[in-house]
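Visitor: Input file: data_18.cif. Contents: mmCIF, C-alpha atoms and all ligand atoms; chains and numbers go by the auth columns.
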data_work
loop_
_atom_site.group_PDB
_atom_site.id
_atom_site.type_symbol
_atom_site.label_atom_id
_atom_site.label_comp_id
_atom_site.label_asym_id
_atom_site.label_seq_id
_atom_site.Cartn_x
_atom_site.Cartn_y
_atom_site.Cartn_z
_atom_site.B_iso_or_equiv
_atom_site.auth_seq_id
_atom_site.auth_asym_id
ATOM 1 C CA MET A 1 81.636 61.072 110.351 0.00 1 A
ATOM 2 C CA ALA A 2 78.527 59.164 111.532 0.00 2 A
ATOM 3 C CA GLY A 3 77.925 55.488 110.708 0.00 3 A
ATOM 4 C CA GLY A 4 78.107 54.770 107.049 0.00 4 A
ATOM 5 C CA ASN A 5 75.141 52.476 106.676 0.00 5 A
ATOM 6 C CA ALA A 6 72.243 54.775 107.286 0.00 6 A
ATOM 7 C CA ILE A 7 73.467 57.460 104.978 0.00 7 A
ATOM 8 C CA ARG A 8 74.779 56.073 101.774 0.00 8 A
ATOM 9 C CA GLY A 9 74.383 59.088 99.613 0.00 9 A
ATOM 10 C CA SER A 10 70.678 58.576 99.093 0.00 10 A
ATOM 11 C CA ARG A 11 70.035 61.834 100.845 0.00 11 A
ATOM 12 C CA VAL A 12 72.667 64.044 99.386 0.00 12 A
ATOM 13 C CA GLY A 13 72.370 67.551 100.633 0.00 13 A
ATOM 14 C CA ALA A 14 70.162 66.679 103.606 0.00 14 A
ATOM 15 C CA GLY A 15 72.580 65.473 106.206 0.00 15 A
ATOM 16 C CA PRO A 16 71.640 65.519 109.883 0.00 16 A
ATOM 17 C CA MET A 17 74.050 68.353 110.545 0.00 17 A
ATOM 18 C CA GLY A 18 72.824 70.328 107.616 0.00 18 A
ATOM 19 C CA GLU A 19 75.950 69.420 105.809 0.00 19 A
ATOM 20 C CA VAL A 20 75.792 69.556 102.107 0.00 20 A
ATOM 21 C CA GLU A 21 79.210 68.270 101.325 0.00 21 A
ATOM 22 C CA ARG A 22 79.914 64.634 101.818 0.00 22 A
ATOM 23 C CA GLY A 23 82.868 62.523 101.009 0.00 23 A
ATOM 24 C CA GLU A 24 81.108 61.409 97.892 0.00 24 A
ATOM 25 C CA THR A 25 80.920 64.796 96.316 0.00 25 A
ATOM 26 C CA ALA A 26 83.811 65.868 94.187 0.00 26 A
ATOM 27 C CA PRO A 27 86.765 67.110 96.193 0.00 27 A
ATOM 28 C CA ARG A 28 86.994 70.841 96.329 0.00 28 A
ATOM 29 C CA ASN A 29 89.500 73.541 96.692 0.00 29 A
ATOM 30 C CA ARG A 30 88.491 76.390 98.876 0.00 30 A
ATOM 31 C CA VAL A 31 90.337 79.443 97.746 0.00 31 A
ATOM 32 C CA GLY A 32 90.356 82.820 99.395 0.00 32 A
ATOM 33 C CA PHE A 33 90.010 85.893 97.252 0.00 33 A
ATOM 34 C CA TRP A 34 90.496 89.441 98.373 0.00 34 A
ATOM 35 C CA CYS A 35 89.315 92.559 96.652 0.00 35 A
ATOM 36 C CA ALA A 36 90.634 96.085 96.939 0.00 36 A
ATOM 37 C CA ASN A 37 87.995 96.820 99.560 0.00 37 A
ATOM 38 C CA GLY A 38 89.379 94.110 101.788 0.00 38 A
ATOM 39 C CA HIS A 39 86.467 91.737 101.388 0.00 39 A
ATOM 40 C CA GLU A 40 87.425 88.145 101.753 0.00 40 A
ATOM 41 C CA SER A 41 85.582 85.578 99.742 0.00 41 A
ATOM 42 C CA ARG A 42 86.001 81.868 100.022 0.00 42 A
ATOM 43 C CA ILE A 43 85.164 80.273 96.759 0.00 43 A
ATOM 44 C CA ALA A 44 84.909 76.523 96.402 0.00 44 A
ATOM 45 C CA PHE A 45 86.251 75.145 93.199 0.00 45 A
ATOM 46 C CA ALA A 46 86.057 71.604 92.028 0.00 46 A
ATOM 47 C CA ALA A 47 89.458 70.086 92.503 0.00 47 A
ATOM 48 C CA ASP A 48 89.918 69.463 88.820 0.00 48 A
ATOM 49 C CA ILE A 49 89.263 73.058 87.907 0.00 49 A
ATOM 50 C CA GLU A 50 92.101 75.460 87.570 0.00 50 A
ATOM 51 C CA VAL A 51 91.684 78.230 90.077 0.00 51 A
ATOM 52 C CA PRO A 52 91.446 81.557 88.302 0.00 52 A
ATOM 53 C CA ASP A 53 93.747 84.413 89.229 0.00 53 A
ATOM 54 C CA CYS A 54 90.870 86.757 89.480 0.00 54 A
ATOM 55 C CA TRP A 55 87.356 86.514 90.804 0.00 55 A
ATOM 56 C CA ASP A 56 84.625 89.083 91.075 0.00 56 A
ATOM 57 C CA CYS A 57 84.026 89.970 94.681 0.00 57 A
ATOM 58 C CA PRO A 58 80.493 88.796 95.512 0.00 58 A
ATOM 59 C CA ARG A 59 80.012 91.739 97.815 0.00 59 A
ATOM 60 C CA CYS A 60 81.115 94.713 95.783 0.00 60 A
ATOM 61 C CA GLY A 61 81.847 93.313 92.351 0.00 61 A
ATOM 62 C CA LEU A 62 85.444 94.440 92.264 0.00 62 A
ATOM 63 C CA PRO A 63 87.985 92.017 90.929 0.00 63 A
ATOM 64 C CA ALA A 64 89.488 89.975 93.714 0.00 64 A
ATOM 65 C CA GLY A 65 92.752 88.101 93.720 0.00 65 A
ATOM 66 C CA THR A 66 94.241 85.279 95.683 0.00 66 A
ATOM 67 C CA ASP A 67 96.963 87.454 97.165 0.00 67 A
ATOM 68 C CA GLN A 68 95.573 89.154 100.223 0.00 68 A
ATOM 69 C CA GLN A 69 98.452 91.590 100.435 0.00 69 A
ATOM 70 C CA ASN A 70 98.141 92.606 96.864 0.00 70 A
ATOM 71 C CA PRO A 71 94.568 92.598 95.611 0.00 71 A
ATOM 72 C CA PRO A 72 93.958 93.649 92.051 0.00 72 A
ATOM 73 C CA PRO A 73 93.351 97.378 91.709 0.00 73 A
ATOM 74 C CA ALA A 74 89.807 98.531 91.382 0.00 74 A
ATOM 75 C CA PRO A 75 88.978 99.482 87.836 0.00 75 A
ATOM 76 C CA ARG A 76 87.930 103.052 87.353 0.00 76 A
ATOM 77 C CA THR A 77 84.215 103.015 87.834 0.00 77 A
ATOM 78 C CA GLU A 78 83.092 105.290 85.083 0.00 78 A
ATOM 79 C CA PRO A 79 81.755 103.050 82.366 0.00 79 A
ATOM 80 C CA TYR A 80 78.954 105.468 81.545 0.00 80 A
ATOM 81 C CA LYS A 81 81.250 108.432 81.263 0.00 81 A
ATOM 82 C CA THR A 82 83.815 106.423 79.417 0.00 82 A
ATOM 83 C CA HIS A 83 81.289 105.262 76.908 0.00 83 A
ATOM 84 C CA LEU A 84 80.011 108.766 76.408 0.00 84 A
ATOM 85 C CA ALA A 85 83.487 110.148 76.036 0.00 85 A
ATOM 86 C CA TYR A 86 84.266 107.387 73.642 0.00 86 A
ATOM 87 C CA VAL A 87 81.256 108.191 71.535 0.00 87 A
ATOM 88 C CA ARG A 88 82.035 111.905 71.627 0.00 88 A
ATOM 89 C CA GLU A 89 85.603 111.248 70.700 0.00 89 A
ATOM 90 C CA ARG A 90 84.532 109.411 67.630 0.00 90 A
ATOM 91 C CA ARG A 91 81.764 111.865 66.857 0.00 91 A
ATOM 92 C CA SER A 92 79.998 108.884 65.472 0.00 92 A
ATOM 93 C CA ASP A 93 76.908 110.829 64.491 0.00 93 A
ATOM 94 C CA GLU A 94 78.668 113.106 62.105 0.00 94 A
ATOM 95 C CA ASP A 95 81.026 110.457 60.909 0.00 95 A
ATOM 96 C CA GLY A 96 78.148 108.104 60.469 0.00 96 A
ATOM 97 C CA ASP A 97 76.257 110.640 58.403 0.00 97 A
ATOM 98 C CA ALA A 98 79.247 111.372 56.289 0.00 98 A
ATOM 99 C CA LEU A 99 79.913 107.720 55.718 0.00 99 A
ATOM 100 C CA LEU A 100 76.291 107.129 54.896 0.00 100 A
ATOM 101 C CA GLN A 101 76.219 109.975 52.405 0.00 101 A
ATOM 102 C CA GLU A 102 79.412 108.781 50.864 0.00 102 A
ATOM 103 C CA ALA A 103 78.080 105.289 50.555 0.00 103 A
ATOM 104 C CA LEU A 104 74.835 106.507 49.054 0.00 104 A
ATOM 105 C CA THR A 105 76.654 108.669 46.614 0.00 105 A
ATOM 106 C CA ARG A 106 78.811 105.806 45.550 0.00 106 A
ATOM 107 C CA LEU A 107 75.832 103.537 45.291 0.00 107 A
ATOM 108 C CA ARG A 108 73.941 106.016 43.147 0.00 108 A
ATOM 109 C CA ALA A 109 76.965 106.606 40.968 0.00 109 A
ATOM 110 C CA ARG A 110 77.343 102.904 40.440 0.00 110 A
ATOM 111 C CA ARG A 111 73.700 102.457 39.645 0.00 111 A
ATOM 112 C CA GLY A 112 73.637 105.418 37.351 0.00 112 A
ATOM 113 C CA ALA A 113 76.637 104.203 35.416 0.00 113 A
HETATM 114 ZN ZN ZN B . 84.693 93.453 97.674 0.00 1 B
#
Spell out the structure here as structure tokens.
Ligand SMILES: [Zn+2]
Guide:
Amino acid sequence: MAGGNAIRGSRVGAGPMGEVERGETAPRNRVGFWCANGHESRIAFAADIEVPDCWDCPRCGLPAGTDQQNPPPAPRTEPYKTHLAYVRERRSDEDGDALLQEALTRLRARRGA
């Protein structure tokens, strides 16, 4: 761009045009990601980094993919419910008690022997 002498990289990140990226910085890949909500994100990756298939949309947090026509499906947003259901399914309280009692019983039996 402008003459090379005045700006030799001593002022990286403070170019006259507000440009941050100079020729001296590592080359980058700008990759577009699209989420299921249609948000487009342009993520800059260092050229030597393998671009991931999936990226979290910065706007809504959904997974975003590089294929605009076919973004990754939104995961079901019920982590709280899922966790609760999971816990209920396992009935971990009762099971935990039973296991604890069993362990204690075994421990006592061993000690008493
Ligand atoms: Zn999004």
Visitor: When you look at segment 34-47 of chain A with a cut-off of 9 Å (counting all atoms listed in the file), what residues show up, excluding the ones that are within fewer than 3 positions of it in the same chain? I need them as a ChimeraX atom specification.
Guide: /A:26-31,50-51,55-74
Visitor: With all atoms listed in the file as the atoms that count, which of A:Arg110, A:Leu99, A:Glu94, A:Phe33 lies nearest to Pro52 of chain A?
Guide: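 That would be A:Phe33, the residue with the smallest distance to Pro52 of chain A.
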Visitor: By how many Å are atom CA of Asp95 of chain A and atom CA of Leu107 of chain A apart?
Guide: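 Distance reported for this atom pair: 17.9 Å.
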Visitor: Would you compute the distance between atom CA of Ala85 of chain A and atom CA of Leu100 of chain A? Give it in Å to one decimal.
Guide: 22.5 Å
Visitor: Mind giving me the straight-line distance from atom CA of Arg88 of chain A to atom CA of Arg106 of chain A in Å, one decimal?
Guide: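 It comes out at 27.0 Å.
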Visitor: Reconstruct N, CA and C atoms of segment 27-57 of chain A; output as a short mmCIF file (atom, residue, chain, number, x, y, z; two decimals), keeping the file's coordinate frame.
Guide:
data_model
loop_
_atom_site.label_atom_id
_atom_site.label_comp_id
_atom_site.auth_asym_id
_atom_site.auth_seq_id
_atom_site.Cartn_x
_atom_site.Cartn_y
_atom_site.Cartn_z
N PRO A 27 85.90 66.34 95.30
CA PRO A 27 86.76 67.11 96.19
C PRO A 27 86.85 68.55 95.73
N ARG A 28 87.02 69.43 96.69
CA ARG A 28 86.99 70.84 96.33
C ARG A 28 88.18 71.58 96.90
N ASN A 29 88.53 72.59 96.18
CA ASN A 29 89.50 73.54 96.69
C ASN A 29 88.75 74.75 97.20
N ARG A 30 89.05 75.12 98.41
CA ARG A 30 88.49 76.39 98.88
C ARG A 30 89.59 77.42 98.77
N VAL A 31 89.31 78.45 98.00
CA VAL A 31 90.34 79.44 97.75
C VAL A 31 89.84 80.79 98.24
N GLY A 32 90.72 81.49 98.92
CA GLY A 32 90.36 82.82 99.40
C GLY A 32 90.70 83.86 98.35
N PHE A 33 89.76 84.77 98.15
CA PHE A 33 90.01 85.89 97.25
C PHE A 33 89.81 87.18 98.03
N TRP A 34 90.62 88.15 97.73
CA TRP A 34 90.50 89.44 98.37
C TRP A 34 90.38 90.54 97.34
N CYS A 35 89.47 91.44 97.58
CA CYS A 35 89.32 92.56 96.65
C CYS A 35 89.96 93.79 97.26
N ALA A 36 89.98 94.86 96.50
CA ALA A 36 90.63 96.08 96.94
C ALA A 36 89.94 96.70 98.15
N ASN A 37 88.71 96.32 98.39
CA ASN A 37 88.00 96.82 99.56
C ASN A 37 88.23 95.97 100.79
N GLY A 38 89.05 94.95 100.65
CA GLY A 38 89.38 94.11 101.79
C GLY A 38 88.36 93.03 102.08
N HIS A 39 87.41 92.84 101.19
CA HIS A 39 86.47 91.74 101.39
C HIS A 39 87.17 90.41 101.13
N GLU A 40 86.89 89.47 101.98
CA GLU A 40 87.42 88.14 101.75
C GLU A 40 86.31 87.23 101.29
N SER A 41 86.56 86.53 100.23
CA SER A 41 85.58 85.58 99.74
C SER A 41 86.24 84.21 99.68
N ARG A 42 85.51 83.24 100.15
CA ARG A 42 86.00 81.87 100.02
C ARG A 42 85.18 81.19 98.94
N ILE A 43 85.85 80.89 97.88
CA ILE A 43 85.16 80.27 96.76
C ILE A 43 85.59 78.82 96.68
N ALA A 44 84.62 77.95 96.53
CA ALA A 44 84.91 76.52 96.40
C ALA A 44 84.98 76.15 94.93
N PHE A 45 86.08 75.60 94.56
CA PHE A 45 86.25 75.14 93.20
C PHE A 45 86.37 73.63 93.20
N ALA A 46 85.82 73.03 92.20
CA ALA A 46 86.06 71.60 92.03
C ALA A 46 87.55 71.39 91.88
N ALA A 47 88.02 70.28 92.43
CA ALA A 47 89.46 70.09 92.50
C ALA A 47 90.11 70.00 91.13
N ASP A 48 89.32 69.61 90.15
CA ASP A 48 89.92 69.46 88.82
C ASP A 48 89.80 70.73 87.99
N ILE A 49 89.35 71.80 88.63
CA ILE A 49 89.26 73.06 87.91
C ILE A 49 90.44 73.94 88.29
N GLU A 50 90.99 74.56 87.31
CA GLU A 50 92.10 75.46 87.57
C GLU A 50 91.58 76.73 88.22
N VAL A 51 92.15 77.05 89.35
CA VAL A 51 91.68 78.23 90.08
C VAL A 51 92.07 79.49 89.32
N PRO A 52 91.12 80.34 89.05
CA PRO A 52 91.45 81.56 88.30
C PRO A 52 92.24 82.54 89.16
N ASP A 53 92.99 83.39 88.52
CA ASP A 53 93.75 84.41 89.23
C ASP A 53 92.82 85.47 89.80
N CYS A 54 91.72 85.63 89.16
CA CYS A 54 90.87 86.76 89.48
C CYS A 54 89.43 86.28 89.62
N TRP A 55 88.74 86.89 90.57
CA TRP A 55 87.36 86.51 90.80
C TRP A 55 86.60 87.77 91.18
N ASP A 56 85.41 87.91 90.70
CA ASP A 56 84.62 89.08 91.08
C ASP A 56 84.15 88.96 92.51
N CYS A 57 84.45 89.98 93.29
CA CYS A 57 84.03 89.97 94.68
C CYS A 57 82.50 89.91 94.73
#
